[in-house]
Amino acid sequence: MSKSLGNVVDPLHIVSGISLQELHKTIENGYLGEKELDRARAGQKKLYPNGIPECGTDALRFALCSYLTQARDLNLDVLRIEGYRKFCNKMWNATRFCLQQLGPLYPASLSLSD
């Protein structure tokens, strides 16, 4: 992967999402010749035909933590990060449901003297 070749995914694009057209514009500012630019566009179109969906910071953090145990080099899969986004959303909804069921007694008031 090389930023000058345009085949690096910006983490901000994963967090907030980006369309394929905007993704193509990001590589036009690099140092690529016309032949390499066409090759980079074709690679982006193959990897991200609909652009990069908005995944959020929690899903990106979760994915980066899960990749740390596998290898030294990261090969981020946007579809896997999107799956982590859905998982984080389920965890948030389950936590919110449990907190609603516990009612006003939770969290129990604790003080430092206890």
# chains A, B, ... in the order shown; residues from 1 in each chain; ligands from 1
call {"tool": "select_by_dssp", "arguments": {"residues": "chain A", "states": "helix (DSSP H, G or I)", "output": "JSON, numbers by chain"}}
result
{"A": [3, 4, 5, 11, 12, 13, 14, 15, 16, 20, 21, 22, 23, 24, 25, 26, 27, 28, 34, 35, 36, 37, 38, 39, 40, 41, 42, 43, 44, 45, 46, 47, 57, 58, 59, 60, 61, 62, 63, 64, 65, 66, 67, 68, 78, 79, 80, 81, 82, 83, 84, 85, 86, 87, 88, 89, 90, 91, 92, 93, 94, 95, 96, 97, 98, 99, 100, 101, 102, 103, 104, 105]}
call {"tool": "closest_atom_pairs", "arguments": {"of": "range 71-94 of chain A", "to": "range 56-66 of chain A", "cutoff": "6 Å", "atoms": "only C-alpha atoms", "output": "CSV"}}
result
residue,atom,partner,partner_atom,distance
A:Ile81,CA,A:Ala63,CA,5.8
A:Tyr84,CA,A:Ala59,CA,5.1
A:Arg85,CA,A:Ala59,CA,4.6
call {"tool": "atom_distance", "arguments": {"atom1": "CA of Tyr31 in chain A", "atom2": "CA of Pro53 in chain A"}}
result
26.5 Å
call {"tool": "atom_distance", "arguments": {"atom1": "CA of Ile27 in chain A", "atom2": "CA of Lys46 in chain A"}}
result
15.1 Å
call {"tool": "atom_distance", "arguments": {"atom1": "CA of Ile52 in chain A", "atom2": "CA of Ile14 in chain A"}}
result
6.4 Å
call {"tool": "select_by_dssp", "arguments": {"residues": "range 4-107 of chain A", "states": "strand (DSSP E or B)", "output": "MDAnalysis selection string"}}
result
chainID A and resid 18 49 51:52
call {"tool": "write_last_selection", "arguments": {"atoms": "N, CA, C and O atoms", "output": "PDB file, in the first residue's frame"}}
result
ATOM      1  N   ILE A  18     -17.892   7.690   2.270  1.00  0.00           N
ATOM      2  CA  ILE A  18     -17.533   8.478   1.095  1.00  0.00           C
ATOM      3  C   ILE A  18     -18.065   7.764  -0.144  1.00  0.00           C
ATOM      4  O   ILE A  18     -18.091   6.539  -0.215  1.00  0.00           O
ATOM      5  N   PRO A  49     -17.501  -0.627  -5.009  1.00  0.00           N
ATOM      6  CA  PRO A  49     -18.380  -0.223  -6.111  1.00  0.00           C
ATOM      7  C   PRO A  49     -19.436   0.812  -5.700  1.00  0.00           C
ATOM      8  O   PRO A  49     -19.853   1.623  -6.513  1.00  0.00           O
ATOM      9  N   GLY A  51     -18.874   2.920  -3.046  1.00  0.00           N
ATOM     10  CA  GLY A  51     -18.180   3.813  -2.124  1.00  0.00           C
ATOM     11  C   GLY A  51     -17.947   3.093  -0.808  1.00  0.00           C
ATOM     12  O   GLY A  51     -18.099   1.877  -0.704  1.00  0.00           O
ATOM     13  N   ILE A  52     -17.570   3.841   0.207  1.00  0.00           N
ATOM     14  CA  ILE A  52     -17.338   3.278   1.538  1.00  0.00           C
ATOM     15  C   ILE A  52     -18.495   3.715   2.426  1.00  0.00           C
ATOM     16  O   ILE A  52     -18.737   4.907   2.581  1.00  0.00           O
TER      17      ILE A  52
END
call {"tool": "residues_around", "arguments": {"residues": "Asp73 in chain A", "least_positions_apart": "4", "cutoff": "12 Å", "atoms": "only C-alpha atoms", "output": "PyMOL selection string"}}
result
chain A and resi 1+64+67-69
call {"tool": "closest_residue", "arguments": {"among": "A:Leu76, A:Leu99, A:Leu32, A:Ala94", "to": "Asp10 in chain A", "atoms": "only C-alpha atoms"}}
result
A:Leu76
call {"tool": "closest_residue", "arguments": {"among": "A:Met91, A:Leu12, A:Leu102, A:Leu37", "to": "Lys25 in chain A", "atoms": "only C-alpha atoms"}}
result
A:Leu37
call {"tool": "closest_residue", "arguments": {"among": "A:Glu28, A:Glu54, A:Asp77, A:Glu22", "to": "Ala40 in chain A", "atoms": "only C-alpha atoms"}}
result
A:Glu28
call {"tool": "decode", "arguments": {"residues": "range 63-76 of chain A", "atoms": "all heavy atoms", "output": "PDB file, in the first residue's frame"}}
result
ATOM      1  N   ALA A  63     -12.581  -2.908  15.037  1.00  0.00           N
ATOM      2  CA  ALA A  63     -11.881  -3.624  13.971  1.00  0.00           C
ATOM      3  C   ALA A  63     -10.372  -3.552  14.160  1.00  0.00           C
ATOM      4  O   ALA A  63      -9.670  -4.557  14.010  1.00  0.00           O
ATOM      5  CB  ALA A  63     -12.272  -3.057  12.613  1.00  0.00           C
ATOM      6  N   LEU A  64      -9.846  -2.381  14.495  1.00  0.00           N
ATOM      7  CA  LEU A  64      -8.407  -2.241  14.686  1.00  0.00           C
ATOM      8  C   LEU A  64      -7.929  -3.089  15.858  1.00  0.00           C
ATOM      9  O   LEU A  64      -6.860  -3.702  15.792  1.00  0.00           O
ATOM     10  CB  LEU A  64      -8.032  -0.776  14.886  1.00  0.00           C
ATOM     11  CG  LEU A  64      -8.180   0.112  13.651  1.00  0.00           C
ATOM     12  CD1 LEU A  64      -7.912   1.569  14.011  1.00  0.00           C
ATOM     13  CD2 LEU A  64      -7.267  -0.342  12.529  1.00  0.00           C
ATOM     14  N   CYS A  65      -8.712  -3.159  16.923  1.00  0.00           N
ATOM     15  CA  CYS A  65      -8.340  -4.008  18.061  1.00  0.00           C
ATOM     16  C   CYS A  65      -8.365  -5.481  17.675  1.00  0.00           C
ATOM     17  O   CYS A  65      -7.519  -6.254  18.113  1.00  0.00           O
ATOM     18  CB  CYS A  65      -9.274  -3.765  19.240  1.00  0.00           C
ATOM     19  SG  CYS A  65      -9.014  -2.187  20.040  1.00  0.00           S
ATOM     20  N   SER A  66      -9.320  -5.885  16.872  1.00  0.00           N
ATOM     21  CA  SER A  66      -9.388  -7.296  16.476  1.00  0.00           C
ATOM     22  C   SER A  66      -8.264  -7.654  15.513  1.00  0.00           C
ATOM     23  O   SER A  66      -7.798  -8.788  15.495  1.00  0.00           O
ATOM     24  CB  SER A  66     -10.744  -7.607  15.849  1.00  0.00           C
ATOM     25  OG  SER A  66     -10.863  -6.999  14.589  1.00  0.00           O
ATOM     26  N   TYR A  67      -7.813  -6.706  14.711  1.00  0.00           N
ATOM     27  CA  TYR A  67      -6.719  -6.959  13.783  1.00  0.00           C
ATOM     28  C   TYR A  67      -5.373  -7.026  14.496  1.00  0.00           C
ATOM     29  O   TYR A  67      -4.428  -7.607  13.977  1.00  0.00           O
ATOM     30  CB  TYR A  67      -6.645  -5.882  12.708  1.00  0.00           C
ATOM     31  CG  TYR A  67      -7.623  -6.068  11.574  1.00  0.00           C
ATOM     32  CD1 TYR A  67      -8.621  -5.133  11.337  1.00  0.00           C
ATOM     33  CD2 TYR A  67      -7.548  -7.157  10.728  1.00  0.00           C
ATOM     34  CE1 TYR A  67      -9.520  -5.291  10.302  1.00  0.00           C
ATOM     35  CE2 TYR A  67      -8.437  -7.322   9.675  1.00  0.00           C
ATOM     36  CZ  TYR A  67      -9.413  -6.389   9.480  1.00  0.00           C
ATOM     37  OH  TYR A  67     -10.298  -6.550   8.446  1.00  0.00           O
ATOM     38  N   LEU A  68      -5.253  -6.430  15.671  1.00  0.00           N
ATOM     39  CA  LEU A  68      -3.966  -6.406  16.372  1.00  0.00           C
ATOM     40  C   LEU A  68      -3.485  -7.797  16.750  1.00  0.00           C
ATOM     41  O   LEU A  68      -2.298  -8.042  16.837  1.00  0.00           O
ATOM     42  CB  LEU A  68      -4.072  -5.539  17.629  1.00  0.00           C
ATOM     43  CG  LEU A  68      -4.124  -4.039  17.392  1.00  0.00           C
ATOM     44  CD1 LEU A  68      -4.300  -3.305  18.702  1.00  0.00           C
ATOM     45  CD2 LEU A  68      -2.867  -3.563  16.702  1.00  0.00           C
ATOM     46  N   THR A  69      -4.410  -8.720  16.992  1.00  0.00           N
ATOM     47  CA  THR A  69      -4.014 -10.059  17.412  1.00  0.00           C
ATOM     48  C   THR A  69      -3.599 -10.942  16.244  1.00  0.00           C
ATOM     49  O   THR A  69      -3.004 -11.988  16.456  1.00  0.00           O
ATOM     50  CB  THR A  69      -5.178 -10.734  18.156  1.00  0.00           C
ATOM     51  OG1 THR A  69      -6.301 -10.830  17.278  1.00  0.00           O
ATOM     52  CG2 THR A  69      -5.554  -9.950  19.390  1.00  0.00           C
ATOM     53  N   GLN A  70      -3.894 -10.544  15.017  1.00  0.00           N
ATOM     54  CA  GLN A  70      -3.659 -11.412  13.875  1.00  0.00           C
ATOM     55  C   GLN A  70      -2.262 -11.266  13.283  1.00  0.00           C
ATOM     56  O   GLN A  70      -1.585 -12.248  13.054  1.00  0.00           O
ATOM     57  CB  GLN A  70      -4.697 -11.142  12.788  1.00  0.00           C
ATOM     58  CG  GLN A  70      -6.089 -11.527  13.219  1.00  0.00           C
ATOM     59  CD  GLN A  70      -7.112 -11.170  12.162  1.00  0.00           C
ATOM     60  OE1 GLN A  70      -6.772 -10.630  11.124  1.00  0.00           O
ATOM     61  NE2 GLN A  70      -8.361 -11.459  12.437  1.00  0.00           N
ATOM     62  N   ALA A  71      -1.866 -10.079  12.985  1.00  0.00           N
ATOM     63  CA  ALA A  71      -0.592  -9.899  12.296  1.00  0.00           C
ATOM     64  C   ALA A  71      -0.064  -8.491  12.510  1.00  0.00           C
ATOM     65  O   ALA A  71      -0.730  -7.647  13.098  1.00  0.00           O
ATOM     66  CB  ALA A  71      -0.774 -10.154  10.803  1.00  0.00           C
ATOM     67  N   ARG A  72       1.116  -8.268  12.002  1.00  0.00           N
ATOM     68  CA  ARG A  72       1.720  -6.955  12.111  1.00  0.00           C
ATOM     69  C   ARG A  72       1.171  -5.995  11.071  1.00  0.00           C
ATOM     70  O   ARG A  72       1.018  -4.807  11.311  1.00  0.00           O
ATOM     71  CB  ARG A  72       3.227  -7.098  11.938  1.00  0.00           C
ATOM     72  CG  ARG A  72       4.005  -6.098  12.723  1.00  0.00           C
ATOM     73  CD  ARG A  72       5.454  -6.381  12.606  1.00  0.00           C
ATOM     74  NE  ARG A  72       5.987  -5.361  11.700  1.00  0.00           N
ATOM     75  CZ  ARG A  72       7.209  -5.323  11.272  1.00  0.00           C
ATOM     76  NH1 ARG A  72       8.040  -6.265  11.596  1.00  0.00           N
ATOM     77  NH2 ARG A  72       7.615  -4.367  10.490  1.00  0.00           N
ATOM     78  N   ASP A  73       0.890  -6.506   9.887  1.00  0.00           N
ATOM     79  CA  ASP A  73       0.351  -5.686   8.813  1.00  0.00           C
ATOM     80  C   ASP A  73      -1.174  -5.779   8.820  1.00  0.00           C
ATOM     81  O   ASP A  73      -1.741  -6.837   9.073  1.00  0.00           O
ATOM     82  CB  ASP A  73       0.881  -6.154   7.457  1.00  0.00           C
ATOM     83  CG  ASP A  73       2.390  -6.001   7.359  1.00  0.00           C
ATOM     84  OD1 ASP A  73       2.915  -5.073   7.986  1.00  0.00           O
ATOM     85  OD2 ASP A  73       3.010  -6.818   6.666  1.00  0.00           O
ATOM     86  N   LEU A  74      -1.817  -4.660   8.529  1.00  0.00           N
ATOM     87  CA  LEU A  74      -3.272  -4.621   8.509  1.00  0.00           C
ATOM     88  C   LEU A  74      -3.786  -4.614   7.081  1.00  0.00           C
ATOM     89  O   LEU A  74      -3.287  -3.870   6.246  1.00  0.00           O
ATOM     90  CB  LEU A  74      -3.795  -3.359   9.208  1.00  0.00           C
ATOM     91  CG  LEU A  74      -3.524  -3.232  10.693  1.00  0.00           C
ATOM     92  CD1 LEU A  74      -4.073  -1.909  11.198  1.00  0.00           C
ATOM     93  CD2 LEU A  74      -4.112  -4.372  11.456  1.00  0.00           C
ATOM     94  N   ASN A  75      -4.768  -5.431   6.817  1.00  0.00           N
ATOM     95  CA  ASN A  75      -5.467  -5.420   5.547  1.00  0.00           C
ATOM     96  C   ASN A  75      -6.938  -5.173   5.880  1.00  0.00           C
ATOM     97  O   ASN A  75      -7.709  -6.113   6.051  1.00  0.00           O
ATOM     98  CB  ASN A  75      -5.282  -6.742   4.806  1.00  0.00           C
ATOM     99  CG  ASN A  75      -5.861  -6.697   3.417  1.00  0.00           C
ATOM    100  OD1 ASN A  75      -6.228  -5.640   2.928  1.00  0.00           O
ATOM    101  ND2 ASN A  75      -5.955  -7.845   2.784  1.00  0.00           N
ATOM    102  N   LEU A  76      -7.292  -3.904   6.035  1.00  0.00           N
ATOM    103  CA  LEU A  76      -8.642  -3.557   6.473  1.00  0.00           C
ATOM    104  C   LEU A  76      -9.679  -3.955   5.439  1.00  0.00           C
ATOM    105  O   LEU A  76      -9.548  -3.637   4.263  1.00  0.00           O
ATOM    106  CB  LEU A  76      -8.755  -2.053   6.725  1.00  0.00           C
ATOM    107  CG  LEU A  76      -8.213  -1.550   8.043  1.00  0.00           C
ATOM    108  CD1 LEU A  76      -8.335  -0.041   8.119  1.00  0.00           C
ATOM    109  CD2 LEU A  76      -8.931  -2.176   9.206  1.00  0.00           C
TER     110      LEU A  76
END
